[in-house]
Amino acid sequence: MSSRAPQDTGHAAQRLWSVDEHLADVLAAIRPLEPIELQLLDAQGCVLVEDVTVPVALPPFDNSSMDGYAVRTADVQGASEEFPAVLTVIGDVAAGSGELPTVGPGQAARIMTGAPLPPGAEAVVPVEWTDGGSGGGAAAGMTPASAAPEGAGGEVRVHRAAEARAHVRARGSDVQAGDLALAAGTVLGPPQIALLAAIGRGTVRVRPRPRVVVLSTGSELVQPGESLAAGTIYDSNSFALAAAARDAGAIAYRVGAVADDAETLRSTIEDQLIRADLLVTTGGVSVGAYDVVKEALTSVGTADEEADGGRMDFRKLAMQPGKPQGFGTIGPDHTPLLALPGNPVSSYVSFELFVRPAIRALMGLADVSRPSVRAVLEADKALGSPAGRRQFLRGKYDAQSGTVSPVGGSGSHLIAALAHADSLMVVPEDVTSVEPGAELEVVLLG
């Protein structure tokens, strides 16, 4: 069973925003990026904005699915190893062949996989069903044409009968001209790009992948590979969030850690606007004396700043981890900026809940959030949660058993546990204790 408590909404002047309210506020400010025409490989990961129809049938002609011989079915009827059908080989038909030989009674043409079925032929017998023109037993393969051009002539013994259309790929058996190849809203991965190329499309109209700039703040941050001095730590947040942005479908630019200086940060942000559809900062959004993001951007929102396209709001959310959050727009193009807390787990959870949906909305996708399931808690003891906060705990989900187990503690600095989790267990605001065996919402991260 789960223990429930009334939600703590805080004082009216400093009310706690719910997770859902904050996400709705973010998404209300996001507009999908304008469509552009891109070359196929440049469109990978982008969202199609138009229905694509098939201009030509695939395959565009009847062709062989095997290396073998194109034959008339009457000529191989009743053929066996003891009494093979002996046919005259009149030539080769290779993939890409233009002028094709006509297969008449008692004749066969060597044919390669993907080559067009020649006139007169009704089926293909695999080379393994023949002697390959050698006059011996069953062939394992064909003599290369370059090594023995005469292999395209002579006789071939066929050891098995073939029904009409055997080993023939029919014209239009994949898609017919006029069929819908891909619908608007499709994310273009390798199979979709293959289909576009196969039907002759060299370019496609899509919404581009959003450009996301990630900045971490803190004078204590050192880049991986450098030596740590007293009181310093490695910058993991900018790497984690840049990787998460790529995973969400964006083009990510990671900016090295910015020291705790408001003017430097503001200048850095302004410099990055030229290549950003979305800005993400991490750290400096709480109430400390060195919370540089809040200091640098709080002034954005005055009448003059709003005239230039800026409006920032720093707020507290009824969630754990990730209570302090900032959101607004900055610069003449009203570029969205999400300011996330600096603790690694708080930062990552905030990204999954708010930044990932923003990226997906910029791409023009309707389904912007991670999928979630219901699962049964498997744990040694009850999980505690603060009253009035929606808590997100790291978990390991077992789809086969429908259970989820906690990974690590609830501390927002425990990044090692995050690396071993594949889900987030959601404890609602009005629940203070979740007993083993209780059912929870689980957000799937993989």
# chains A, B, ... in the order shown; residues from 1 in each chain; ligands from 1
>>> residues_around(residues="A:Ser346", least_positions_apart="5", cutoff="12 Å", atoms="only C-alpha atoms", output="ChimeraX atom specification")
/A:237,240-241,282-283,285,317,319-325,339-341,351-354,391-394,410-415,418
>>> select_by_dssp(residues="stretch 58-295 of chain A", states="alpha helix (DSSP H)", output="count of residues only")
40
